[in-house]
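S.K.: Quick one: this structure, given as structure tokens, is what I'll be asking you about.
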Amino acid sequence: MLLEIDGWKVGLKFSASHFIPSHHKCSRLHGHDYGVRLRIFGETKDHILYDFVELKNEVRSLCEELDHKLLIPKSKKYIRHHIKDDRIYVSFEDKHYVFPKGDVTIIPVNLITAEELARYFSKKVLERIRFPENVKGIEICVDEGPGQGACNYIPLGDEK
Ligand SMILES: [Zn+2]
């Protein structure tokens with residue numbers, strides 16, 4: 001059995017800006033509307049696979065942490081940054097930016113790509129939610145605009 005939640009339709013969305021160094025177009029500061037889609041795989045128990053209210057709430061709160069922010073990767077592998085007073089200084093290649101700290105969310109990833117965001121959401125969801133035994137896997141997708149995104153599947157329970 002498969003349960004699907006389309007965040008575009010149920011409000012699991014956020015708008016954020018980012019840049020990807022070395023990418024011809026995406027190395028310039030720009031933004032996207034992001035949507036999060038969830039798929040839950042498993043067996044039904046008492047005619048239900050999973051009561052997804054808690055899952056939706058957790059994903060919604062993760063979206064709110066990123067909404068209307070500039071997203072910066074915590075790893076300094078590609079983008080250097082440091083915080084001084086209420087500002088964050090960001091640089092890569094020959095570019096240098098200064099942003100108010102409150103406008104930025106730092107995420108523990110290497111780059112702000114749909115792939116890395118899908119991995120980040122999966123990790124956070126698993127930290128916050130304990131799925132029942134009948135749930136055998138979850139897939140979390142982060143779309144950069146409707147119709148294009150990255151999905152991360154995580155096996156649970158017996159499949160681990
Ligand atoms: Zn982009």
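By order in the structure tokens, chains are A, B, ...; within a chain, residues start at 1; ligands start at 1, following the order shown.
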Taking 3 positions as the minimum chain separation for residues in the same chain, which residues sit within 8 Å of A:Phe14 when counting only C-alpha atoms? Answer as a compact mmCIF listing (two decimals) with N, CA and C atoms, in the first residue's frame.

M.R.:
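Resulting contents of around-v3.txt:
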```txt
# COMPACT_ATOMS: atom_id res chain seq x y z
N ASP A 33 9.80 28.69 -5.47
CA ASP A 33 8.75 28.15 -4.61
C ASP A 33 9.04 26.66 -4.51
N TYR A 34 9.17 26.19 -3.30
CA TYR A 34 9.46 24.77 -3.09
C TYR A 34 8.20 24.07 -2.55
N GLY A 35 7.99 22.84 -2.97
CA GLY A 35 6.90 22.03 -2.44
C GLY A 35 7.48 20.71 -1.95
N CYS A 63 9.02 23.51 6.94
CA CYS A 63 8.85 24.47 5.84
C CYS A 63 8.86 25.90 6.38
N GLU A 64 8.20 26.10 7.52
CA GLU A 64 8.13 27.45 8.09
C GLU A 64 9.51 27.97 8.48
N LEU A 66 12.14 27.58 6.89
CA LEU A 66 12.87 27.96 5.68
C LEU A 66 12.16 29.04 4.87
N ASP A 67 10.91 29.31 5.24
CA ASP A 67 10.08 30.17 4.39
C ASP A 67 10.54 31.63 4.40
N HIS A 68 10.64 32.19 3.21
CA HIS A 68 11.07 33.59 3.02
C HIS A 68 12.43 33.86 3.64
```

S.K.: Excluding A:Ser122 and any residue of its chain fewer than 5 positions from it, enumerate the residues within 8 Å of it, using only C-alpha atoms, and give them as a list of chain:residue names.

M.R.: A:Glu139, A:Ile140, A:Asn152, A:Ile154

S.K.: Neighbours of ligand 1 within 10 Å, counting only C-alpha atoms and all ligand atoms, as a count of residues only?

M.R.: 20

S.K.: Quick one: residues within 9 Å of A:Glu4, only C-alpha atoms counted, chain neighbours fewer than 3 positions away excluded, as number ranges by chain?

M.R.: A: 37-41

S.K.: Hey, what's within 7 Å of A:Tyr89 if we count only C-alpha atoms and toss same-chain stuff fewer than 4 positions away? As JSON, numbers by chain, please?

M.R.: {"A": [81, 82, 83, 97, 98, 99]}

S.K.: Given only C-alpha atoms as the basis, pick out the residue of A:Pro21, A:Ser61, A:Val53, A:Lys45 nearest to A:Tyr78.

M.R.: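 The shortest atom-to-atom distance to A:Tyr78 comes from A:Pro21.
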
S.K.: Have a look at atom CA of A:Leu156 and atom CA of A:Ile72 and let me know their distance in Å, one decimal.

M.R.: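 Calculated distance between atom CA of A:Leu156 and atom CA of A:Ile72 is 29.7 Å.
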
S.K.: One decimal, Å: what's the distance from atom CA of A:Pro100 over to atom CA of A:Asn57, could you say?

M.R.: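 That distance, rounded to one decimal, is 28.3 Å.
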
S.K.: I need the residue nearest A:Gly7 from this list: A:Val59, A:Ile48, A:Cys151, A:Val109. Use only C-alpha atoms for the distance.

M.R.: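 Of A:Val59, A:Ile48, A:Cys151, A:Val109, the one nearest A:Gly7 is A:Val59, counting only C-alpha atoms.
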